[in-house]
Amino acid sequence: MRYFPLFADLRDRRVLVVGGGEVAERKARLLCDAGARVLVVARALTPWLDGQAADSAGVITHLAADYADEQLDGVVLAVAATADRELNARVAAAARARNLLANVVDDAELSGFIVPAIVDRSPVMIAVSSGGTAPVLARLIRERLETTVDESIGPLAELLARWRARIRAAFPDLAARRRFYTKIVRGRVAELLRARRGVAAERELERSMTPETGSTTGSVVLVGAGPGDPGLLTLNALRALQDADVILHDRLVADEVLVLARRDAARISVGKAAGAHSVPQTRIHELMIEHARAGRRVVRLKGGDPFIFGRGGEELEALRAAGIAYEVVPGITAAVACAAYAGIPLTHRRHAQSLRLVTAHCGDSVDRLDWQSLARERQTLAFYMGAGRLAAISKGLIGQGRDASTPIAIVENGSRADQRVTIASLGDLTDIGAHGEIRSPALLIVGEVAALAGELAWFGELTRRWLRLDRQAA
Ligand code: SAH
């Protein structure tokens with residue numbers, strides 16, 4: 001090990017910073033956050049440093065002078081952050097002679113200590129260092145951690161600190177105490193903090209301490225998996241997947257998304273393929289409830305967004321009736337994703353002032369849709385589950401006066417490697433339905449904006465086709 005890792009308590013301790021530029025400011029900001037009293041030696045200061053130094057209540061003192069070794073008197077650390085290498089080296093040498101640790105910015109060789117990249121979830125702090133070899137690597141790791149360690153870790157640590165004595169008294173046995181802590185940080189208390197419900201979290205913690213009232217039930221997170229591209233998952237979705245014991249997923253959920261889940265989570269497909277046999281909705285409810293009652297963290301993973309043509313509402317009602325705790329993580333819905341990946345702005349100042357998300361799957365017929373209002377101009381329609389009903393959609397809209405030349409786009413497998421976009425007009429839909437070999441999942445976009453898919457496309461290779469099937473002029 002080349003460097004000894006440590007966290008230093010710098011509250012009210014003096015630290016010398018030599019230099020007054022951007023780099024010095026960055027270090028001074030961190031030192032101030034840690035409560036240090038910072039002496040900045042420099043002829044000129046950045047505006048922030050200047051403002052802090054002028055503030056009499058501030059913790060930064062400015063010495064508008066050249067560096068001199070005596071400035072090291074009474075400090076616990078020093079930072080050399082000037083652009084002058086030779087001066088930095090002098091600060092380092094003088095510090096060493098006094099047995100002080102000095103950091104020379106961007107020069108590990110001269111430094112007595114180096115400063116790590118950090119993820120700050122105070123009081124929890126994660127520090128990453130490449131030992132001065134490749135700071136870019138440390139930053140890369142830091143960014144990854146930043147996305148996986150959520151903000152509620154800080155409040156969780158604070159809550160546990162407040163309850164520490166009581167928890168120790170309630171669980172004198174070390175092993176039992178460890179088990180209790182594990183349950184808290186992985187369970188309902190942590191979930192409540194993530195949902196920004198601090199008061200309820202504290203109540204739950206208190207309840208958990210008495211075995212009789214402590215809940216052993218798990219919970220369900222309803223997670224939107226987006227349209228397929230795993231890059232479209234939210235950070236909360238990713239975290240839920242990595243915390244899951246059981247994942248109940250639809251068939252629409254892409255494998256690329258499932259591989260991101262915790263390795264030993266059980267994956268259960270309750271998939272629905274159009275027309276194919278699937279697990280009945282009531283059975284899905286039972287499965288969620290059974291697994292949660294057994295104390296597991298269940299992720300109910302759905303394509304797109306759970307509340308858009310996803311029966312998410314019904315599932316929450318079932319959970320609520322069963323008294324199971326739940327959370328919802330929204331996902332990017334097919335209309336939004338397909339439009340973006342096909343280069344179709346869903347609204348447009350010139351062409352469309354509103355957007356309607358429509359399901360073409362209403363029981364056995366599309367006849368129940370309000371074709372009159374759907375046929376109005378200056379709106380964009382996004383039809384879900386319409387691949388098998390293109391003719392009926394075309395007939396319904398044209399029948400109520402929407403022009404047969406209105407542009408349409410069909411996006412198959414939106415955001416996935418095999419995405420295919422077909423651009424045509426409303427009047428072509430019947431032929432496309434009969435001969436176009438449209439594969440599910442596919443989304444139909446109707447409206448002037450659909451024509452822009454030709455000009456603005458950016459995703460996928462050789463996947464756009466323009467269909468102008470021969471049509472009898474009316
Ligand atoms: N909850 C989902 C929709 C479920 S309904 C969401 O918010 O996206 C299923 C329909 O969604 C499919 O029939 C299809 O119309 C559409 N769909 C879902 N994923 C799609 C994709 N990757 N490409 C195109 N259409 C998609």
# chains A, B, ... in the order shown; residues from 1 in each chain; ligands from 1
call {"tool": "select_by_dssp", "arguments": {"residues": "region 106-191 of chain A", "states": "alpha helix (DSSP H)", "output": "number ranges by chain"}}
result
A: 135-148, 153-170, 174-186, 188-191
call {"tool": "residues_around", "arguments": {"residues": "Gly218 (chain A)", "least_positions_apart": "5", "cutoff": "9 Å", "atoms": "only C-alpha atoms", "output": "PyMOL selection string"}}
result
chain A and resi 187-188+291-298+324-325
call {"tool": "write_last_selection", "arguments": {"atoms": "all heavy atoms", "output": "PDB file, in the first residue's frame"}}
result
ATOM      1  N   GLY A 187     -34.198  -2.498   4.415  1.00  0.00           N
ATOM      2  CA  GLY A 187     -35.639  -2.715   4.443  1.00  0.00           C
ATOM      3  C   GLY A 187     -36.481  -1.461   4.357  1.00  0.00           C
ATOM      4  O   GLY A 187     -36.111  -0.476   3.719  1.00  0.00           O
ATOM      5  N   ARG A 188     -37.593  -1.530   5.030  1.00  0.00           N
ATOM      6  CA  ARG A 188     -38.642  -0.525   4.925  1.00  0.00           C
ATOM      7  C   ARG A 188     -38.183   0.863   5.387  1.00  0.00           C
ATOM      8  O   ARG A 188     -38.585   1.870   4.828  1.00  0.00           O
ATOM      9  CB  ARG A 188     -39.839  -1.023   5.759  1.00  0.00           C
ATOM     10  CG  ARG A 188     -41.075  -0.180   5.663  1.00  0.00           C
ATOM     11  CD  ARG A 188     -41.695  -0.266   4.281  1.00  0.00           C
ATOM     12  NE  ARG A 188     -42.709   0.757   4.130  1.00  0.00           N
ATOM     13  CZ  ARG A 188     -42.904   1.452   3.011  1.00  0.00           C
ATOM     14  NH1 ARG A 188     -42.194   1.212   1.945  1.00  0.00           N
ATOM     15  NH2 ARG A 188     -43.824   2.364   2.956  1.00  0.00           N
ATOM     16  N   HIS A 291     -44.777 -13.153  -2.410  1.00  0.00           N
ATOM     17  CA  HIS A 291     -43.339 -12.926  -2.226  1.00  0.00           C
ATOM     18  C   HIS A 291     -43.080 -11.814  -1.209  1.00  0.00           C
ATOM     19  O   HIS A 291     -42.154 -11.906  -0.412  1.00  0.00           O
ATOM     20  CB  HIS A 291     -42.671 -12.594  -3.565  1.00  0.00           C
ATOM     21  CG  HIS A 291     -42.488 -13.801  -4.427  1.00  0.00           C
ATOM     22  ND1 HIS A 291     -41.623 -14.818  -4.102  1.00  0.00           N
ATOM     23  CD2 HIS A 291     -43.079 -14.174  -5.585  1.00  0.00           C
ATOM     24  CE1 HIS A 291     -41.680 -15.755  -5.038  1.00  0.00           C
ATOM     25  NE2 HIS A 291     -42.560 -15.391  -5.946  1.00  0.00           N
ATOM     26  N   ALA A 292     -43.884 -10.767  -1.234  1.00  0.00           N
ATOM     27  CA  ALA A 292     -43.687  -9.679  -0.269  1.00  0.00           C
ATOM     28  C   ALA A 292     -43.969 -10.185   1.142  1.00  0.00           C
ATOM     29  O   ALA A 292     -43.232  -9.872   2.079  1.00  0.00           O
ATOM     30  CB  ALA A 292     -44.591  -8.499  -0.614  1.00  0.00           C
ATOM     31  N   ARG A 293     -45.014 -10.980   1.287  1.00  0.00           N
ATOM     32  CA  ARG A 293     -45.347 -11.504   2.636  1.00  0.00           C
ATOM     33  C   ARG A 293     -44.236 -12.404   3.160  1.00  0.00           C
ATOM     34  O   ARG A 293     -44.049 -12.528   4.363  1.00  0.00           O
ATOM     35  CB  ARG A 293     -46.665 -12.293   2.580  1.00  0.00           C
ATOM     36  CG  ARG A 293     -47.859 -11.380   2.390  1.00  0.00           C
ATOM     37  CD  ARG A 293     -49.022 -11.779   3.304  1.00  0.00           C
ATOM     38  NE  ARG A 293     -50.032 -10.720   3.296  1.00  0.00           N
ATOM     39  CZ  ARG A 293     -51.231 -10.838   2.740  1.00  0.00           C
ATOM     40  NH1 ARG A 293     -51.587 -11.987   2.172  1.00  0.00           N
ATOM     41  NH2 ARG A 293     -52.077  -9.823   2.762  1.00  0.00           N
ATOM     42  N   ALA A 294     -43.508 -13.019   2.250  1.00  0.00           N
ATOM     43  CA  ALA A 294     -42.394 -13.878   2.680  1.00  0.00           C
ATOM     44  C   ALA A 294     -41.160 -13.038   3.017  1.00  0.00           C
ATOM     45  O   ALA A 294     -40.077 -13.567   3.246  1.00  0.00           O
ATOM     46  CB  ALA A 294     -42.069 -14.886   1.592  1.00  0.00           C
ATOM     47  N   GLY A 295     -41.318 -11.717   2.999  1.00  0.00           N
ATOM     48  CA  GLY A 295     -40.236 -10.840   3.436  1.00  0.00           C
ATOM     49  C   GLY A 295     -39.296 -10.428   2.320  1.00  0.00           C
ATOM     50  O   GLY A 295     -38.221  -9.900   2.575  1.00  0.00           O
ATOM     51  N   ARG A 296     -39.685 -10.668   1.073  1.00  0.00           N
ATOM     52  CA  ARG A 296     -38.755 -10.360  -0.028  1.00  0.00           C
ATOM     53  C   ARG A 296     -38.998  -8.967  -0.603  1.00  0.00           C
ATOM     54  O   ARG A 296     -40.101  -8.436  -0.511  1.00  0.00           O
ATOM     55  CB  ARG A 296     -38.927 -11.408  -1.143  1.00  0.00           C
ATOM     56  CG  ARG A 296     -38.673 -12.784  -0.604  1.00  0.00           C
ATOM     57  CD  ARG A 296     -38.620 -13.851  -1.674  1.00  0.00           C
ATOM     58  NE  ARG A 296     -38.522 -15.116  -0.948  1.00  0.00           N
ATOM     59  CZ  ARG A 296     -39.491 -16.025  -0.905  1.00  0.00           C
ATOM     60  NH1 ARG A 296     -40.590 -15.871  -1.598  1.00  0.00           N
ATOM     61  NH2 ARG A 296     -39.337 -17.110  -0.179  1.00  0.00           N
ATOM     62  N   ARG A 297     -37.938  -8.461  -1.201  1.00  0.00           N
ATOM     63  CA  ARG A 297     -38.087  -7.219  -1.945  1.00  0.00           C
ATOM     64  C   ARG A 297     -38.428  -7.562  -3.375  1.00  0.00           C
ATOM     65  O   ARG A 297     -37.626  -8.154  -4.098  1.00  0.00           O
ATOM     66  CB  ARG A 297     -36.814  -6.390  -1.886  1.00  0.00           C
ATOM     67  CG  ARG A 297     -36.682  -5.625  -0.573  1.00  0.00           C
ATOM     68  CD  ARG A 297     -35.269  -5.318  -0.287  1.00  0.00           C
ATOM     69  NE  ARG A 297     -34.525  -6.568  -0.293  1.00  0.00           N
ATOM     70  CZ  ARG A 297     -33.225  -6.654  -0.343  1.00  0.00           C
ATOM     71  NH1 ARG A 297     -32.517  -5.587  -0.419  1.00  0.00           N
ATOM     72  NH2 ARG A 297     -32.623  -7.820  -0.322  1.00  0.00           N
ATOM     73  N   VAL A 298     -39.632  -7.205  -3.758  1.00  0.00           N
ATOM     74  CA  VAL A 298     -40.139  -7.601  -5.064  1.00  0.00           C
ATOM     75  C   VAL A 298     -40.056  -6.416  -6.021  1.00  0.00           C
ATOM     76  O   VAL A 298     -40.437  -5.307  -5.662  1.00  0.00           O
ATOM     77  CB  VAL A 298     -41.611  -8.054  -4.962  1.00  0.00           C
ATOM     78  CG1 VAL A 298     -42.143  -8.482  -6.319  1.00  0.00           C
ATOM     79  CG2 VAL A 298     -41.751  -9.164  -3.933  1.00  0.00           C
ATOM     80  N   ILE A 324     -49.600  -4.240   1.654  1.00  0.00           N
ATOM     81  CA  ILE A 324     -48.178  -4.362   1.299  1.00  0.00           C
ATOM     82  C   ILE A 324     -47.650  -2.984   0.896  1.00  0.00           C
ATOM     83  O   ILE A 324     -48.286  -2.278   0.112  1.00  0.00           O
ATOM     84  CB  ILE A 324     -47.995  -5.315   0.091  1.00  0.00           C
ATOM     85  CG1 ILE A 324     -48.677  -6.657   0.335  1.00  0.00           C
ATOM     86  CG2 ILE A 324     -46.533  -5.448  -0.287  1.00  0.00           C
ATOM     87  CD1 ILE A 324     -47.893  -7.612   1.172  1.00  0.00           C
ATOM     88  N   ALA A 325     -46.478  -2.644   1.422  1.00  0.00           N
ATOM     89  CA  ALA A 325     -45.892  -1.344   1.096  1.00  0.00           C
ATOM     90  C   ALA A 325     -45.373  -1.348  -0.343  1.00  0.00           C
ATOM     91  O   ALA A 325     -44.875  -2.359  -0.816  1.00  0.00           O
ATOM     92  CB  ALA A 325     -44.740  -1.042   2.046  1.00  0.00           C
TER      93      ALA A 325
END
call {"tool": "select_by_dssp", "arguments": {"residues": "region 174-377 of chain A", "states": "strand (DSSP E)", "output": "compact mmCIF listing (two decimals) with all heavy atoms, in the first residue's frame"}}
result
# COMPACT_ATOMS: atom_id res chain seq x y z
N SER A 219 -41.65 -5.72 0.38
CA SER A 219 -42.37 -4.64 -0.28
C SER A 219 -42.25 -4.84 -1.79
O SER A 219 -41.51 -5.70 -2.25
CB SER A 219 -41.76 -3.31 0.12
OG SER A 219 -40.39 -3.33 -0.23
N VAL A 220 -42.99 -4.03 -2.49
CA VAL A 220 -43.00 -4.15 -3.94
C VAL A 220 -42.62 -2.79 -4.55
O VAL A 220 -43.13 -1.76 -4.11
CB VAL A 220 -44.39 -4.57 -4.47
CG1 VAL A 220 -44.40 -4.60 -5.99
CG2 VAL A 220 -44.78 -5.93 -3.90
N VAL A 221 -41.72 -2.81 -5.50
CA VAL A 221 -41.44 -1.60 -6.27
C VAL A 221 -41.93 -1.85 -7.69
O VAL A 221 -41.52 -2.80 -8.33
CB VAL A 221 -39.94 -1.25 -6.34
CG1 VAL A 221 -39.77 0.18 -6.81
CG2 VAL A 221 -39.27 -1.45 -5.01
N LEU A 222 -42.83 -0.99 -8.12
CA LEU A 222 -43.34 -1.06 -9.48
C LEU A 222 -42.38 -0.24 -10.33
O LEU A 222 -42.27 0.97 -10.14
CB LEU A 222 -44.72 -0.42 -9.47
CG LEU A 222 -45.72 -0.79 -10.53
CD1 LEU A 222 -46.01 -2.27 -10.43
CD2 LEU A 222 -47.01 -0.01 -10.30
N VAL A 223 -41.68 -0.89 -11.22
CA VAL A 223 -40.60 -0.20 -11.93
C VAL A 223 -40.86 -0.16 -13.44
O VAL A 223 -41.15 -1.19 -14.05
CB VAL A 223 -39.24 -0.90 -11.68
CG1 VAL A 223 -38.13 -0.24 -12.48
CG2 VAL A 223 -38.88 -0.87 -10.20
N GLY A 224 -40.73 1.00 -14.00
CA GLY A 224 -40.81 1.15 -15.45
C GLY A 224 -39.44 0.86 -16.04
O GLY A 224 -38.46 1.49 -15.68
N VAL A 246 -36.73 -10.68 -5.82
CA VAL A 246 -37.56 -11.33 -6.84
C VAL A 246 -37.95 -10.29 -7.88
O VAL A 246 -38.31 -9.16 -7.53
CB VAL A 246 -38.87 -11.88 -6.22
CG1 VAL A 246 -39.73 -12.54 -7.28
CG2 VAL A 246 -38.56 -12.85 -5.09
N ILE A 247 -37.86 -10.67 -9.15
CA ILE A 247 -38.29 -9.76 -10.22
C ILE A 247 -39.39 -10.43 -11.03
O ILE A 247 -39.20 -11.51 -11.59
CB ILE A 247 -37.11 -9.41 -11.14
CG1 ILE A 247 -36.04 -8.69 -10.33
CG2 ILE A 247 -37.57 -8.54 -12.30
CD1 ILE A 247 -34.72 -8.56 -11.05
N LEU A 248 -40.56 -9.80 -11.03
CA LEU A 248 -41.66 -10.30 -11.86
C LEU A 248 -41.71 -9.40 -13.09
O LEU A 248 -42.04 -8.22 -12.98
CB LEU A 248 -42.98 -10.19 -11.09
CG LEU A 248 -43.09 -10.94 -9.76
CD1 LEU A 248 -44.38 -10.56 -9.04
CD2 LEU A 248 -43.05 -12.43 -10.01
N HIS A 249 -41.33 -9.94 -14.23
CA HIS A 249 -41.22 -9.04 -15.38
C HIS A 249 -42.13 -9.44 -16.55
O HIS A 249 -42.45 -10.61 -16.73
CB HIS A 249 -39.77 -8.96 -15.86
CG HIS A 249 -39.23 -10.27 -16.36
ND1 HIS A 249 -39.34 -10.66 -17.68
CD2 HIS A 249 -38.57 -11.26 -15.73
CE1 HIS A 249 -38.77 -11.85 -17.82
NE2 HIS A 249 -38.30 -12.23 -16.66
N ALA A 266 -34.35 -13.81 -8.08
CA ALA A 266 -35.14 -14.75 -8.88
C ALA A 266 -35.90 -13.96 -9.95
O ALA A 266 -36.48 -12.92 -9.66
CB ALA A 266 -36.12 -15.48 -7.98
N ARG A 267 -35.83 -14.43 -11.18
CA ARG A 267 -36.53 -13.73 -12.26
C ARG A 267 -37.72 -14.57 -12.71
O ARG A 267 -37.56 -15.73 -13.08
CB ARG A 267 -35.60 -13.52 -13.45
CG ARG A 267 -34.45 -12.57 -13.17
CD ARG A 267 -33.32 -12.83 -14.15
NE ARG A 267 -32.29 -11.79 -14.13
CZ ARG A 267 -31.37 -11.67 -13.17
NH1 ARG A 267 -31.35 -12.51 -12.15
NH2 ARG A 267 -30.46 -10.71 -13.24
N ILE A 268 -38.88 -14.00 -12.66
CA ILE A 268 -40.08 -14.74 -13.04
C ILE A 268 -40.77 -13.98 -14.17
O ILE A 268 -41.13 -12.81 -14.01
CB ILE A 268 -41.05 -14.87 -11.85
CG1 ILE A 268 -40.33 -15.53 -10.66
CG2 ILE A 268 -42.30 -15.65 -12.24
CD1 ILE A 268 -41.13 -15.55 -9.38
N SER A 269 -40.92 -14.65 -15.30
CA SER A 269 -41.59 -14.00 -16.42
C SER A 269 -43.10 -14.19 -16.29
O SER A 269 -43.59 -15.31 -16.20
CB SER A 269 -41.10 -14.60 -17.74
OG SER A 269 -41.91 -14.09 -18.79
N ARG A 297 -37.94 -8.46 -1.20
CA ARG A 297 -38.09 -7.22 -1.94
C ARG A 297 -38.43 -7.56 -3.37
O ARG A 297 -37.63 -8.15 -4.10
CB ARG A 297 -36.81 -6.39 -1.89
CG ARG A 297 -36.68 -5.63 -0.57
CD ARG A 297 -35.27 -5.32 -0.29
NE ARG A 297 -34.52 -6.57 -0.29
CZ ARG A 297 -33.22 -6.65 -0.34
NH1 ARG A 297 -32.52 -5.59 -0.42
NH2 ARG A 297 -32.62 -7.82 -0.32
N VAL A 298 -39.63 -7.20 -3.76
CA VAL A 298 -40.14 -7.60 -5.06
C VAL A 298 -40.06 -6.42 -6.02
O VAL A 298 -40.44 -5.31 -5.66
CB VAL A 298 -41.61 -8.05 -4.96
CG1 VAL A 298 -42.14 -8.48 -6.32
CG2 VAL A 298 -41.75 -9.16 -3.93
N VAL A 299 -39.52 -6.66 -7.20
CA VAL A 299 -39.61 -5.64 -8.24
C VAL A 299 -40.59 -6.14 -9.29
O VAL A 299 -40.46 -7.25 -9.81
CB VAL A 299 -38.24 -5.37 -8.90
CG1 VAL A 299 -38.41 -4.62 -10.22
CG2 VAL A 299 -37.36 -4.55 -7.96
N ARG A 300 -41.63 -5.34 -9.53
CA ARG A 300 -42.57 -5.65 -10.60
C ARG A 300 -42.14 -4.80 -11.78
O ARG A 300 -42.34 -3.57 -11.78
CB ARG A 300 -43.99 -5.33 -10.14
CG ARG A 300 -45.03 -5.41 -11.22
CD ARG A 300 -45.33 -6.85 -11.63
NE ARG A 300 -46.33 -6.90 -12.67
CZ ARG A 300 -46.07 -7.18 -13.94
NH1 ARG A 300 -44.82 -7.44 -14.33
NH2 ARG A 300 -47.02 -7.21 -14.84
N LEU A 301 -41.51 -5.44 -12.75
CA LEU A 301 -40.83 -4.72 -13.83
C LEU A 301 -41.67 -4.74 -15.10
O LEU A 301 -42.02 -5.80 -15.61
CB LEU A 301 -39.48 -5.39 -14.08
CG LEU A 301 -38.50 -4.69 -15.00
CD1 LEU A 301 -38.10 -3.33 -14.46
CD2 LEU A 301 -37.25 -5.56 -15.19
N LYS A 302 -41.97 -3.54 -15.59
CA LYS A 302 -42.86 -3.43 -16.75
C LYS A 302 -42.19 -2.64 -17.86
O LYS A 302 -41.43 -1.73 -17.59
CB LYS A 302 -44.13 -2.68 -16.35
CG LYS A 302 -44.96 -3.42 -15.34
CD LYS A 302 -45.94 -2.47 -14.72
CE LYS A 302 -47.08 -3.24 -14.11
NZ LYS A 302 -47.85 -3.96 -15.12
N ALA A 325 -46.48 -2.64 1.42
CA ALA A 325 -45.89 -1.34 1.10
C ALA A 325 -45.37 -1.35 -0.34
O ALA A 325 -44.88 -2.36 -0.82
CB ALA A 325 -44.74 -1.04 2.05
N TYR A 326 -45.50 -0.21 -1.01
CA TYR A 326 -45.03 -0.15 -2.39
C TYR A 326 -44.42 1.21 -2.73
O TYR A 326 -44.65 2.20 -2.04
CB TYR A 326 -46.17 -0.45 -3.37
CG TYR A 326 -47.38 0.44 -3.19
CD1 TYR A 326 -47.39 1.75 -3.66
CD2 TYR A 326 -48.50 -0.05 -2.53
CE1 TYR A 326 -48.50 2.55 -3.49
CE2 TYR A 326 -49.61 0.75 -2.35
CZ TYR A 326 -49.61 2.05 -2.83
OH TYR A 326 -50.70 2.85 -2.64
N GLU A 327 -43.63 1.20 -3.80
CA GLU A 327 -43.10 2.43 -4.39
C GLU A 327 -43.30 2.32 -5.89
O GLU A 327 -43.42 1.22 -6.42
CB GLU A 327 -41.59 2.55 -4.18
CG GLU A 327 -41.11 2.79 -2.78
CD GLU A 327 -39.59 2.68 -2.71
OE1 GLU A 327 -38.89 3.38 -3.47
OE2 GLU A 327 -39.12 1.87 -1.91
N VAL A 328 -43.25 3.45 -6.57
CA VAL A 328 -43.37 3.44 -8.03
C VAL A 328 -42.19 4.18 -8.63
O VAL A 328 -41.87 5.28 -8.21
CB VAL A 328 -44.67 4.11 -8.50
CG1 VAL A 328 -44.81 4.02 -10.01
CG2 VAL A 328 -45.88 3.50 -7.81
N VAL A 329 -41.53 3.57 -9.58
CA VAL A 329 -40.45 4.23 -10.33
C VAL A 329 -40.92 4.39 -11.77
O VAL A 329 -41.10 3.40 -12.47
CB VAL A 329 -39.16 3.40 -10.29
CG1 VAL A 329 -38.07 4.09 -11.10
CG2 VAL A 329 -38.70 3.16 -8.86
N SER A 354 -50.84 19.40 -29.30
CA SER A 354 -51.13 18.45 -28.23
C SER A 354 -50.79 17.04 -28.69
O SER A 354 -50.60 16.77 -29.87
CB SER A 354 -52.59 18.54 -27.78
OG SER A 354 -53.43 17.98 -28.76
N LEU A 355 -50.70 16.18 -27.70
CA LEU A 355 -50.30 14.79 -27.94
C LEU A 355 -51.31 13.90 -27.24
O LEU A 355 -51.66 14.15 -26.09
CB LEU A 355 -48.92 14.57 -27.35
CG LEU A 355 -48.50 13.12 -27.10
CD1 LEU A 355 -48.30 12.40 -28.43
CD2 LEU A 355 -47.22 13.06 -26.28
N ARG A 356 -51.75 12.87 -27.92
CA ARG A 356 -52.66 11.93 -27.25
C ARG A 356 -52.07 10.53 -27.31
O ARG A 356 -51.65 10.07 -28.37
CB ARG A 356 -54.03 11.97 -27.90
CG ARG A 356 -54.67 13.34 -27.69
CD ARG A 356 -56.00 13.46 -28.33
NE ARG A 356 -57.00 12.61 -27.67
CZ ARG A 356 -58.27 12.61 -28.03
NH1 ARG A 356 -58.70 13.38 -29.01
NH2 ARG A 356 -59.12 11.82 -27.40
N LEU A 357 -52.05 9.88 -26.17
CA LEU A 357 -51.62 8.50 -26.09
C LEU A 357 -52.88 7.65 -26.13
O LEU A 357 -53.76 7.80 -25.30
CB LEU A 357 -50.85 8.24 -24.79
CG LEU A 357 -49.69 9.18 -24.48
CD1 LEU A 357 -48.96 8.73 -23.21
CD2 LEU A 357 -48.70 9.24 -25.65
N VAL A 358 -52.97 6.79 -27.13
CA VAL A 358 -54.22 6.07 -27.36
C VAL A 358 -53.92 4.58 -27.39
O VAL A 358 -52.92 4.15 -27.98
CB VAL A 358 -54.82 6.46 -28.73
CG1 VAL A 358 -56.21 5.87 -28.90
CG2 VAL A 358 -54.86 7.97 -28.90
N THR A 359 -54.78 3.78 -26.79
CA THR A 359 -54.63 2.35 -26.95
C THR A 359 -55.60 1.86 -28.02
O THR A 359 -56.77 2.24 -28.03
CB THR A 359 -54.87 1.56 -25.65
OG1 THR A 359 -54.89 0.17 -25.98
CG2 THR A 359 -56.17 1.92 -24.99
call {"tool": "residues_near_ligand", "arguments": {"ligand": "ligand 1", "cutoff": "7 Å", "atoms": "only C-alpha atoms and all ligand atoms", "output": "ChimeraX atom specification"}}
result
/A:226-228,252,302-310,332-335,338,383-386,411-416,440-443
call {"tool": "residues_around", "arguments": {"residues": "Ala94 (chain A)", "least_positions_apart": "6", "cutoff": "12 Å", "atoms": "only C-alpha atoms", "output": "PyMOL selection string"}}
result
chain A and resi 67-73+77-80+87-88+100-102+110-112
call {"tool": "closest_residue", "arguments": {"among": "A:Val23, A:Leu390, A:Leu319, A:Val149", "to": "His285 (chain A)", "atoms": "only C-alpha atoms"}}
result
A:Leu319
call {"tool": "atom_distance", "arguments": {"atom1": "CA of Ile398 (chain A)", "atom2": "CA of Ser425 (chain A)"}}
result
11.1 Å
call {"tool": "atom_distance", "arguments": {"atom1": "CA of Glu256 (chain A)", "atom2": "CA of Glu314 (chain A)"}}
result
27.0 Å
call {"tool": "atom_distance", "arguments": {"atom1": "CA of Ile445 (chain A)", "atom2": "CA of Asp418 (chain A)"}}
result
18.4 Å
call {"tool": "residues_around", "arguments": {"residues": "Ala434 (chain A)", "least_positions_apart": "3", "cutoff": "10 Å", "atoms": "only C-alpha atoms", "output": "mmCIF file with C-alpha atoms, in the first residue's frame"}}
result
data_model
loop_
_atom_site.group_PDB
_atom_site.id
_atom_site.type_symbol
_atom_site.label_atom_id
_atom_site.label_comp_id
_atom_site.auth_asym_id
_atom_site.auth_seq_id
_atom_site.Cartn_x
_atom_site.Cartn_y
_atom_site.Cartn_z
ATOM 1 C CA GLY A 388 -52.843 -5.548 -35.756
ATOM 2 C CA LEU A 390 -53.868 -0.440 -38.724
ATOM 3 C CA ALA A 391 -56.757 -0.695 -41.161
ATOM 4 C CA LEU A 429 -52.195 2.063 -43.438
ATOM 5 C CA THR A 430 -54.597 -0.569 -44.725
ATOM 6 C CA ASP A 431 -52.044 -1.839 -47.222
ATOM 7 C CA GLU A 437 -45.063 -7.268 -42.021
ATOM 8 C CA ILE A 438 -45.122 -5.053 -38.984
#
call {"tool": "closest_residue", "arguments": {"among": "A:Val115, A:Ala65, A:Ala97, A:Ala83", "to": "Lys27 (chain A)", "atoms": "only C-alpha atoms"}}
result
A:Val115
call {"tool": "residues_around", "arguments": {"residues": "region 153-167 of chain A", "least_positions_apart": "5", "cutoff": "12 Å", "atoms": "only C-alpha atoms", "output": "PyMOL selection string"}}
result
chain A and resi 119-126+146+148+172-174+176-182+184-210
